[in-house]
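Structure record follows, encoded as structure tokens.
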Amino acid sequence: MSTLTTEVEDFAAAMRSDAFRRDPYPVYARMRAECPVYRAPQGLWYVTRHADVEQALGDPRLSNDRERMTDALVARDGRMRDLSRLTARLGRVMSNTDPPDHARLRGLVNKAFTARRVEGLRERIQAVVDRLVDAAVAALEPGGPPTDLLTAVASPLPHTVVCELFGVPEPDRERVKEWFRGLGRIHEDIDRAERVVDAFEAYLLDLVERRRAAPGDDLISALVTAQARGDRLTDHELLSTCFMLITAGDETTTNLIGNGLLALLHHPDQLALLRAEPALIRAAVDETVRYDSPTQAILRVTAADVTLGGRTIPAGDLVHLLLASAGRDPEHHEHPDRFDLTRPAHRHLGFGHGPHFCLGAPLARLETELAIGTLVRRLPDLRPAVDPGRLDWRPNPLQRRLTALPVTCTSDD
Ligand code: HEM
């Protein structure tokens, strides 16, 4: 038996439990207190305190490099070889590259994915939200059966928005969603996932060629125009970047909307406050990212020996940076387990930090602000249909996602 398991609780086992899936925060609290830089018996590392996670995110020796990461994953588990075949096909994109190459890959997208472009989407996003909320309101009869707000609003919204952003024509959107679902089951059926990547790639290539011939006001057109001027991305890099951007903001944004609605529904005082002061919606979005982060953890691989929180992690090891635990660290956030919209502006790590800080954060914030703001305004009698303890969560320790968020509307009488 490893000496570590005798020193401290086997947190890796705790992280596989049903209780953890429902509520990971008590386990994170014990990890921060007892062993903030924890090496699991299987050799994976977990970093849980805000200060250590922040330091790690800014340290270039904690690498995102695709080959280095793949080697470490395959060394632990041979079955990862299939997965690595797929990621190798995807090629180099900003999310799997270290500086200085990272800056080149991110630079072109930065030029096209500007704050102005995102803000310019406000009206179009509001129109999509209104359409989805209209349908949800129609389904939610006072005193009637519950409606799942994930299916009704949180799931279709980011997909529709990203399709609009990329100029994916309306009739193709369901097909693209189907490909997403295929990629989501990548571990179950690798051959099917490979066929999905083939089809998705061919589709994107066609879309890029069409925009090259006739540019529009979508993001792909902006990328090909920027590429033609600066020649900073190869065609394959451009295609991989589109693929990554289309997939990066889908589930994450769904989860932020879902987790935010859940937090508000289960903190009626904060919901009442938001209703009284709608301008607090921006604070509500970031408080959700801190309080119940959609991205619970991100993975790095050490390119050299690195000392964090007094422990030395050897080169070549895989390290989980627990962003969600950092969000509940009492050394950084006062009363961290309180969901509090009036919290003084605070720095959380839920969108990352340093060179890989989430490129889509302004878009995710805008979508969530409009979705939650509109639902709260349009449905003053919204109620959770089940207790939080009875809600079901997907078994993915890196992402925090409800399987459904059933709500009802109280009747007036
Ligand atoms: C990176 C979270 C939405 C695109 C990241 C990172 C986090 C994150 C934690 C850092 C990863 C790392 O350091 O390894 C989230 C959350 C979202 C969200 C919680 C929604 C609530 C989006 C959206 C897009 C997007 C809507 C785009 C449409 C990206 C990209 C990167 C990234 C391209 C990689 C940046 C780089 O490597 O330089 N995101 N994200 N994200 N995100 Fe997001």
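Here, A, B, ... name the chains of the structure tokens in the order displayed, residue numbers run from 1 inside each chain, and ligands are numbered from 1 in the same displayed order.
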
Q) When DSSP works through the backbone of this structure, what residues of segment 202-342 of chain A end up as strand (DSSP E or B), shown as a PyMOL selection string? A) chain A and resi 295+298-302+306-308+311-313+318-321

Please write the residues from the selection above to a file, keeping N, CA and C atoms, as a PDB file, in the first residue's frame.
```pdb
ATOM      1  N   THR A 295     -16.402  24.335 -15.500  1.00  0.00           N
ATOM      2  CA  THR A 295     -15.140  23.619 -15.680  1.00  0.00           C
ATOM      3  C   THR A 295     -14.548  23.401 -14.294  1.00  0.00           C
ATOM      4  N   ILE A 298      -8.862  21.408 -14.879  1.00  0.00           N
ATOM      5  CA  ILE A 298      -8.186  21.284 -16.162  1.00  0.00           C
ATOM      6  C   ILE A 298      -6.885  20.502 -15.946  1.00  0.00           C
ATOM      7  N   LEU A 299      -6.407  19.944 -17.040  1.00  0.00           N
ATOM      8  CA  LEU A 299      -5.268  19.037 -16.950  1.00  0.00           C
ATOM      9  C   LEU A 299      -4.018  19.696 -17.520  1.00  0.00           C
ATOM     10  N   ARG A 300      -2.888  19.459 -16.875  1.00  0.00           N
ATOM     11  CA  ARG A 300      -1.591  19.885 -17.389  1.00  0.00           C
ATOM     12  C   ARG A 300      -0.629  18.706 -17.247  1.00  0.00           C
ATOM     13  N   VAL A 301       0.524  18.805 -17.955  1.00  0.00           N
ATOM     14  CA  VAL A 301       1.578  17.805 -17.769  1.00  0.00           C
ATOM     15  C   VAL A 301       2.868  18.568 -17.463  1.00  0.00           C
ATOM     16  N   THR A 302       3.624  18.084 -16.481  1.00  0.00           N
ATOM     17  CA  THR A 302       4.847  18.818 -16.101  1.00  0.00           C
ATOM     18  C   THR A 302       5.949  18.588 -17.135  1.00  0.00           C
ATOM     19  N   VAL A 306       8.470  20.454 -10.831  1.00  0.00           N
ATOM     20  CA  VAL A 306       7.851  21.725 -10.402  1.00  0.00           C
ATOM     21  C   VAL A 306       7.469  21.607  -8.925  1.00  0.00           C
ATOM     22  N   THR A 307       7.834  22.608  -8.135  1.00  0.00           N
ATOM     23  CA  THR A 307       7.416  22.599  -6.727  1.00  0.00           C
ATOM     24  C   THR A 307       6.205  23.500  -6.548  1.00  0.00           C
ATOM     25  N   LEU A 308       5.163  22.914  -6.005  1.00  0.00           N
ATOM     26  CA  LEU A 308       3.898  23.647  -5.789  1.00  0.00           C
ATOM     27  C   LEU A 308       3.440  23.346  -4.370  1.00  0.00           C
ATOM     28  N   ARG A 311       5.389  20.784  -2.401  1.00  0.00           N
ATOM     29  CA  ARG A 311       5.640  19.415  -2.892  1.00  0.00           C
ATOM     30  C   ARG A 311       6.220  19.464  -4.296  1.00  0.00           C
ATOM     31  N   THR A 312       7.134  18.562  -4.579  1.00  0.00           N
ATOM     32  CA  THR A 312       7.742  18.567  -5.904  1.00  0.00           C
ATOM     33  C   THR A 312       7.069  17.524  -6.791  1.00  0.00           C
ATOM     34  N   ILE A 313       6.552  18.009  -7.913  1.00  0.00           N
ATOM     35  CA  ILE A 313       5.899  17.128  -8.886  1.00  0.00           C
ATOM     36  C   ILE A 313       6.941  16.826  -9.966  1.00  0.00           C
ATOM     37  N   LEU A 318       0.975  13.950 -14.759  1.00  0.00           N
ATOM     38  CA  LEU A 318      -0.286  14.649 -15.088  1.00  0.00           C
ATOM     39  C   LEU A 318      -0.833  15.341 -13.841  1.00  0.00           C
ATOM     40  N   VAL A 319      -1.247  16.583 -14.007  1.00  0.00           N
ATOM     41  CA  VAL A 319      -1.679  17.390 -12.861  1.00  0.00           C
ATOM     42  C   VAL A 319      -3.070  17.971 -13.143  1.00  0.00           C
ATOM     43  N   HIS A 320      -3.994  17.714 -12.212  1.00  0.00           N
ATOM     44  CA  HIS A 320      -5.312  18.362 -12.300  1.00  0.00           C
ATOM     45  C   HIS A 320      -5.272  19.654 -11.506  1.00  0.00           C
ATOM     46  N   LEU A 321      -5.671  20.747 -12.157  1.00  0.00           N
ATOM     47  CA  LEU A 321      -5.799  22.019 -11.444  1.00  0.00           C
ATOM     48  C   LEU A 321      -7.285  22.215 -11.171  1.00  0.00           C
TER      49      LEU A 321
END
```

Kindly work out which residues sit at most 7 Å from ligand 1, using only C-alpha atoms and all ligand atoms, and give the list as a PDB file with N, CA and C atoms, in the first residue's frame.
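As a result, result-v5.pdb now contains:
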```pdb
ATOM      1  N   LEU A  57      -1.186  27.931 -13.199  1.00  0.00           N
ATOM      2  CA  LEU A  57      -1.719  28.382 -14.498  1.00  0.00           C
ATOM      3  C   LEU A  57      -0.778  29.380 -15.174  1.00  0.00           C
ATOM      4  N   ASN A  64       0.656  22.370 -21.786  1.00  0.00           N
ATOM      5  CA  ASN A  64      -0.551  21.935 -22.492  1.00  0.00           C
ATOM      6  C   ASN A  64      -0.178  21.186 -23.770  1.00  0.00           C
ATOM      7  N   MET A  94      -4.729  26.384 -30.279  1.00  0.00           N
ATOM      8  CA  MET A  94      -4.213  27.144 -29.137  1.00  0.00           C
ATOM      9  C   MET A  94      -4.342  26.397 -27.821  1.00  0.00           C
ATOM     10  N   SER A  95      -5.422  25.588 -27.697  1.00  0.00           N
ATOM     11  CA  SER A  95      -5.650  24.950 -26.399  1.00  0.00           C
ATOM     12  C   SER A  95      -4.685  23.797 -26.118  1.00  0.00           C
ATOM     13  N   ASN A  96      -3.989  23.293 -27.133  1.00  0.00           N
ATOM     14  CA  ASN A  96      -3.050  22.197 -26.862  1.00  0.00           C
ATOM     15  C   ASN A  96      -1.604  22.558 -27.218  1.00  0.00           C
ATOM     16  N   HIS A 102       1.813  29.105 -29.047  1.00  0.00           N
ATOM     17  CA  HIS A 102       0.445  29.393 -28.628  1.00  0.00           C
ATOM     18  C   HIS A 102       0.003  30.792 -29.078  1.00  0.00           C
ATOM     19  N   ARG A 106      -3.263  31.704 -31.264  1.00  0.00           N
ATOM     20  CA  ARG A 106      -4.350  32.457 -30.635  1.00  0.00           C
ATOM     21  C   ARG A 106      -4.513  33.840 -31.278  1.00  0.00           C
ATOM     22  N   VAL A 162     -23.492  29.584 -31.484  1.00  0.00           N
ATOM     23  CA  VAL A 162     -22.221  29.285 -32.145  1.00  0.00           C
ATOM     24  C   VAL A 162     -22.459  29.038 -33.641  1.00  0.00           C
ATOM     25  N   MET A 244     -12.322  23.467 -33.043  1.00  0.00           N
ATOM     26  CA  MET A 244     -12.180  23.658 -31.595  1.00  0.00           C
ATOM     27  C   MET A 244     -13.134  24.733 -31.080  1.00  0.00           C
ATOM     28  N   LEU A 245     -13.235  25.839 -31.834  1.00  0.00           N
ATOM     29  CA  LEU A 245     -14.093  26.935 -31.364  1.00  0.00           C
ATOM     30  C   LEU A 245     -15.557  26.525 -31.334  1.00  0.00           C
ATOM     31  N   ILE A 246     -15.967  25.745 -32.328  1.00  0.00           N
ATOM     32  CA  ILE A 246     -17.373  25.321 -32.381  1.00  0.00           C
ATOM     33  C   ILE A 246     -17.702  24.419 -31.185  1.00  0.00           C
ATOM     34  N   ALA A 248     -15.788  24.232 -28.186  1.00  0.00           N
ATOM     35  CA  ALA A 248     -15.328  24.691 -26.853  1.00  0.00           C
ATOM     36  C   ALA A 248     -16.425  25.340 -26.028  1.00  0.00           C
ATOM     37  N   GLY A 249     -17.328  26.065 -26.687  1.00  0.00           N
ATOM     38  CA  GLY A 249     -18.270  26.862 -25.905  1.00  0.00           C
ATOM     39  C   GLY A 249     -19.652  26.264 -25.825  1.00  0.00           C
ATOM     40  N   ASP A 250     -19.810  25.005 -26.170  1.00  0.00           N
ATOM     41  CA  ASP A 250     -21.151  24.427 -26.226  1.00  0.00           C
ATOM     42  C   ASP A 250     -21.606  23.926 -24.854  1.00  0.00           C
ATOM     43  N   THR A 252     -19.953  23.846 -22.050  1.00  0.00           N
ATOM     44  CA  THR A 252     -19.542  24.705 -20.929  1.00  0.00           C
ATOM     45  C   THR A 252     -20.595  25.784 -20.669  1.00  0.00           C
ATOM     46  N   THR A 253     -21.089  26.394 -21.743  1.00  0.00           N
ATOM     47  CA  THR A 253     -22.059  27.473 -21.553  1.00  0.00           C
ATOM     48  C   THR A 253     -23.400  26.913 -21.081  1.00  0.00           C
ATOM     49  N   ASN A 255     -23.728  24.432 -19.194  1.00  0.00           N
ATOM     50  CA  ASN A 255     -23.554  24.125 -17.773  1.00  0.00           C
ATOM     51  C   ASN A 255     -23.558  25.389 -16.916  1.00  0.00           C
ATOM     52  N   LEU A 256     -23.021  26.467 -17.452  1.00  0.00           N
ATOM     53  CA  LEU A 256     -23.037  27.723 -16.682  1.00  0.00           C
ATOM     54  C   LEU A 256     -24.471  28.219 -16.508  1.00  0.00           C
ATOM     55  N   VAL A 289     -19.792  31.186 -11.708  1.00  0.00           N
ATOM     56  CA  VAL A 289     -18.543  30.570 -12.172  1.00  0.00           C
ATOM     57  C   VAL A 289     -17.645  30.254 -10.967  1.00  0.00           C
ATOM     58  N   SER A 293     -18.465  26.006 -10.554  1.00  0.00           N
ATOM     59  CA  SER A 293     -17.783  26.198 -11.823  1.00  0.00           C
ATOM     60  C   SER A 293     -18.103  25.102 -12.847  1.00  0.00           C
ATOM     61  N   PRO A 294     -18.554  25.487 -14.057  1.00  0.00           N
ATOM     62  CA  PRO A 294     -18.813  24.463 -15.086  1.00  0.00           C
ATOM     63  C   PRO A 294     -17.556  23.653 -15.396  1.00  0.00           C
ATOM     64  N   THR A 295     -16.402  24.335 -15.500  1.00  0.00           N
ATOM     65  CA  THR A 295     -15.140  23.619 -15.680  1.00  0.00           C
ATOM     66  C   THR A 295     -14.548  23.401 -14.294  1.00  0.00           C
ATOM     67  N   ILE A 298      -8.862  21.408 -14.879  1.00  0.00           N
ATOM     68  CA  ILE A 298      -8.186  21.284 -16.162  1.00  0.00           C
ATOM     69  C   ILE A 298      -6.885  20.502 -15.946  1.00  0.00           C
ATOM     70  N   LEU A 299      -6.407  19.944 -17.040  1.00  0.00           N
ATOM     71  CA  LEU A 299      -5.268  19.037 -16.950  1.00  0.00           C
ATOM     72  C   LEU A 299      -4.018  19.696 -17.520  1.00  0.00           C
ATOM     73  N   GLY A 350     -12.352  30.378 -12.699  1.00  0.00           N
ATOM     74  CA  GLY A 350     -13.261  29.496 -13.436  1.00  0.00           C
ATOM     75  C   GLY A 350     -13.140  29.586 -14.949  1.00  0.00           C
ATOM     76  N   PHE A 351     -12.603  30.697 -15.461  1.00  0.00           N
ATOM     77  CA  PHE A 351     -12.315  30.804 -16.895  1.00  0.00           C
ATOM     78  C   PHE A 351     -10.813  30.636 -17.145  1.00  0.00           C
ATOM     79  N   GLY A 352     -10.103  30.101 -16.166  1.00  0.00           N
ATOM     80  CA  GLY A 352      -8.668  29.949 -16.309  1.00  0.00           C
ATOM     81  C   GLY A 352      -7.944  31.235 -15.937  1.00  0.00           C
ATOM     82  N   HIS A 353      -6.675  31.282 -16.316  1.00  0.00           N
ATOM     83  CA  HIS A 353      -5.824  32.419 -15.948  1.00  0.00           C
ATOM     84  C   HIS A 353      -4.546  32.280 -16.772  1.00  0.00           C
ATOM     85  N   PRO A 355      -1.907  32.682 -20.055  1.00  0.00           N
ATOM     86  CA  PRO A 355      -1.995  32.686 -21.520  1.00  0.00           C
ATOM     87  C   PRO A 355      -3.194  31.930 -22.082  1.00  0.00           C
ATOM     88  N   HIS A 356      -3.691  30.926 -21.361  1.00  0.00           N
ATOM     89  CA  HIS A 356      -4.811  30.129 -21.895  1.00  0.00           C
ATOM     90  C   HIS A 356      -6.167  30.610 -21.370  1.00  0.00           C
ATOM     91  N   PHE A 357      -6.197  31.811 -20.761  1.00  0.00           N
ATOM     92  CA  PHE A 357      -7.479  32.326 -20.246  1.00  0.00           C
ATOM     93  C   PHE A 357      -8.555  32.186 -21.333  1.00  0.00           C
ATOM     94  N   CYS A 358      -9.737  31.761 -20.923  1.00  0.00           N
ATOM     95  CA  CYS A 358     -10.805  31.428 -21.874  1.00  0.00           C
ATOM     96  C   CYS A 358     -11.045  32.545 -22.888  1.00  0.00           C
ATOM     97  N   LEU A 359     -10.885  32.180 -24.138  1.00  0.00           N
ATOM     98  CA  LEU A 359     -11.099  33.136 -25.224  1.00  0.00           C
ATOM     99  C   LEU A 359     -12.581  33.483 -25.372  1.00  0.00           C
ATOM    100  N   GLY A 360     -13.432  32.573 -24.973  1.00  0.00           N
ATOM    101  CA  GLY A 360     -14.874  32.757 -25.181  1.00  0.00           C
ATOM    102  C   GLY A 360     -15.599  33.331 -23.977  1.00  0.00           C
ATOM    103  N   ALA A 361     -14.853  33.762 -22.943  1.00  0.00           N
ATOM    104  CA  ALA A 361     -15.514  34.228 -21.710  1.00  0.00           C
ATOM    105  C   ALA A 361     -16.534  35.343 -21.976  1.00  0.00           C
ATOM    106  N   LEU A 363     -18.355  35.877 -24.570  1.00  0.00           N
ATOM    107  CA  LEU A 363     -19.535  35.285 -25.211  1.00  0.00           C
ATOM    108  C   LEU A 363     -20.336  34.462 -24.195  1.00  0.00           C
ATOM    109  N   ALA A 364     -19.620  33.657 -23.397  1.00  0.00           N
ATOM    110  CA  ALA A 364     -20.300  32.826 -22.397  1.00  0.00           C
ATOM    111  C   ALA A 364     -21.044  33.705 -21.403  1.00  0.00           C
TER     112      ALA A 364
END
```

(Q) Nearest residue to Phe180 of chain A out of A:Ala214, A:Thr247, A:Gly327, A:Leu239, using only C-alpha atoms? (A) A:Thr247

Q) Which neighbours of segment 199-202 of chain A fall inside 8 Å, counting only C-alpha atoms, when residues of the same chain fewer than 2 positions from it are skipped, and could you give them as a list in words? A) Val176, Trp179, Arg195, Val196, Val197, Leu204, Leu205, Asp206, Leu239 and Phe243 of chain A

Q: Using DSSP on the backbone coordinates, identify the residues of segment 342-373 of chain A assigned to helix (DSSP H, G or I); present them as an MDAnalysis selection string.
A: chainID A and resid 354:356 361:373

Q. Could you work out how far atom CA of Glu251 of chain A lies from atom CA of Leu323 of chain A, giving the answer in Å with one decimal?
A. 16.9 Å

Would you mind listing, for every residue of segment 197-275 of chain A within 9 Å of segment 110-115 of chain A, the two atoms forming the shortest contact and the distance between them in Å to one decimal, using only C-alpha atoms, sorted by chain and ascending residue number, as a tab-separated table?
```
residue	atom	partner	partner_atom	distance
A:Leu219	CA	A:Ala112	CA	6.6
A:Ile220	CA	A:Ala112	CA	8.6
A:Ser221	CA	A:Ala112	CA	9.0
A:Ala222	CA	A:Ala112	CA	5.5
A:Leu223	CA	A:Ala112	CA	5.9
A:Ala226	CA	A:Ala112	CA	7.3
```

Q.
When you look at segment 129-141 of chain A with a cut-off of 9 Å (counting only C-alpha atoms), what residues show up, excluding the ones that are within fewer than 3 positions of it in the same chain? I need them as a count of residues only.
A. 25

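Among A:Asp23, A:Asp235, A:Asp269, A:Asp198, the residue with the shortest atom-to-atom distance to Tyr291 of chain A, counting only C-alpha atoms, is A:Asp23.
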
Q: Determine, counting only C-alpha atoms, which protein, DNA and RNA residues have an atom within 12 Å of an atom of Gly373 of chain A; residues of the same chain fewer than 2 positions away are not included. Present the result as JSON, numbers by chain.
A: {"A": [126, 129, 130, 133, 257, 260, 261, 264, 271, 274, 275, 276, 277, 278, 279, 280, 281, 282, 283, 284, 285, 365, 366, 367, 368, 369, 370, 371, 375, 376, 377, 378, 379, 380]}

Write a file of the selected residues as a short mmCIF file (atom, residue, chain, number, x, y, z; two decimals), in the first residue's frame, keeping N, CA and C atoms.
```cif
data_model
loop_
_atom_site.label_atom_id
_atom_site.label_comp_id
_atom_site.auth_asym_id
_atom_site.auth_seq_id
_atom_site.Cartn_x
_atom_site.Cartn_y
_atom_site.Cartn_z
N GLN A 126 -30.38 37.72 -27.94
CA GLN A 126 -31.65 37.99 -27.23
C GLN A 126 -32.82 37.41 -28.02
N VAL A 129 -32.89 33.74 -27.38
CA VAL A 129 -33.36 33.51 -26.00
C VAL A 129 -34.88 33.69 -25.95
N ASP A 130 -35.38 34.76 -26.56
CA ASP A 130 -36.82 35.04 -26.50
C ASP A 130 -37.62 33.89 -27.10
N VAL A 133 -37.44 30.98 -24.64
CA VAL A 133 -38.18 31.25 -23.40
C VAL A 133 -39.69 31.29 -23.68
N ILE A 257 -25.26 28.16 -17.58
CA ILE A 257 -26.66 28.59 -17.47
C ILE A 257 -27.40 27.69 -16.46
N GLY A 260 -26.15 28.24 -12.85
CA GLY A 260 -26.58 29.55 -12.36
C GLY A 260 -28.05 29.54 -11.97
N LEU A 261 -28.87 28.96 -12.83
CA LEU A 261 -30.31 28.88 -12.51
C LEU A 261 -30.53 28.06 -11.24
N LEU A 264 -29.61 30.03 -8.13
CA LEU A 264 -30.62 31.05 -7.81
C LEU A 264 -31.88 30.42 -7.25
N LEU A 271 -32.30 35.24 -5.43
CA LEU A 271 -33.18 35.36 -6.59
C LEU A 271 -34.06 36.62 -6.44
N LEU A 274 -32.01 39.65 -7.15
CA LEU A 274 -31.79 39.84 -8.59
C LEU A 274 -33.05 40.41 -9.26
N ARG A 275 -34.20 39.95 -8.80
CA ARG A 275 -35.46 40.48 -9.37
C ARG A 275 -35.61 41.96 -9.03
N ALA A 276 -35.18 42.32 -7.81
CA ALA A 276 -35.31 43.73 -7.39
C ALA A 276 -34.26 44.60 -8.09
N GLU A 277 -33.09 44.00 -8.35
CA GLU A 277 -32.01 44.78 -8.98
C GLU A 277 -31.46 44.01 -10.17
N PRO A 278 -32.14 44.10 -11.33
CA PRO A 278 -31.73 43.29 -12.50
C PRO A 278 -30.29 43.53 -12.95
N ALA A 279 -29.72 44.69 -12.59
CA ALA A 279 -28.34 44.95 -13.00
C ALA A 279 -27.36 43.99 -12.32
N LEU A 280 -27.82 43.29 -11.27
CA LEU A 280 -26.93 42.33 -10.59
C LEU A 280 -26.68 41.07 -11.43
N ILE A 281 -27.32 40.99 -12.60
CA ILE A 281 -27.18 39.78 -13.41
C ILE A 281 -25.71 39.50 -13.76
N ARG A 282 -24.94 40.55 -14.02
CA ARG A 282 -23.51 40.32 -14.35
C ARG A 282 -22.78 39.68 -13.18
N ALA A 283 -23.08 40.21 -11.97
CA ALA A 283 -22.46 39.64 -10.77
C ALA A 283 -22.92 38.19 -10.60
N ALA A 284 -24.19 37.92 -10.93
CA ALA A 284 -24.73 36.57 -10.75
C ALA A 284 -23.99 35.56 -11.64
N VAL A 285 -23.64 36.01 -12.85
CA VAL A 285 -22.95 35.10 -13.77
C VAL A 285 -21.57 34.74 -13.20
N ARG A 365 -20.39 34.80 -20.98
CA ARG A 365 -21.04 35.72 -20.01
C ARG A 365 -22.29 36.34 -20.63
N LEU A 366 -22.17 36.78 -21.88
CA LEU A 366 -23.31 37.45 -22.52
C LEU A 366 -24.50 36.50 -22.67
N GLU A 367 -24.23 35.29 -23.16
CA GLU A 367 -25.32 34.32 -23.34
C GLU A 367 -26.00 34.01 -22.01
N THR A 368 -25.19 33.83 -20.97
CA THR A 368 -25.75 33.44 -19.67
C THR A 368 -26.55 34.60 -19.07
N GLU A 369 -25.98 35.79 -19.22
CA GLU A 369 -26.67 36.99 -18.71
C GLU A 369 -28.07 37.11 -19.36
N LEU A 370 -28.11 36.96 -20.67
CA LEU A 370 -29.39 37.13 -21.37
C LEU A 370 -30.35 35.97 -21.04
N ALA A 371 -29.83 34.75 -20.97
CA ALA A 371 -30.71 33.60 -20.72
C ALA A 371 -31.30 33.68 -19.32
N LEU A 375 -35.24 34.65 -18.26
CA LEU A 375 -36.07 33.67 -17.55
C LEU A 375 -36.60 34.23 -16.23
N VAL A 376 -35.72 34.91 -15.50
CA VAL A 376 -36.11 35.45 -14.20
C VAL A 376 -37.18 36.54 -14.38
N ARG A 377 -37.03 37.33 -15.45
CA ARG A 377 -37.99 38.41 -15.70
C ARG A 377 -39.35 37.83 -16.15
N ARG A 378 -39.28 36.85 -17.04
CA ARG A 378 -40.52 36.36 -17.65
C ARG A 378 -41.28 35.37 -16.77
N LEU A 379 -40.57 34.75 -15.83
CA LEU A 379 -41.21 33.72 -15.01
C LEU A 379 -41.08 34.06 -13.53
N PRO A 380 -41.90 34.99 -13.04
CA PRO A 380 -41.73 35.42 -11.65
C PRO A 380 -42.07 34.34 -10.63
#
```

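Minimum atom-to-atom distance to Asp286 of chain A, evaluated using only C-alpha atoms, belongs to A:Pro344 out of A:Pro314, A:Gly309, A:Pro100, A:Pro344.
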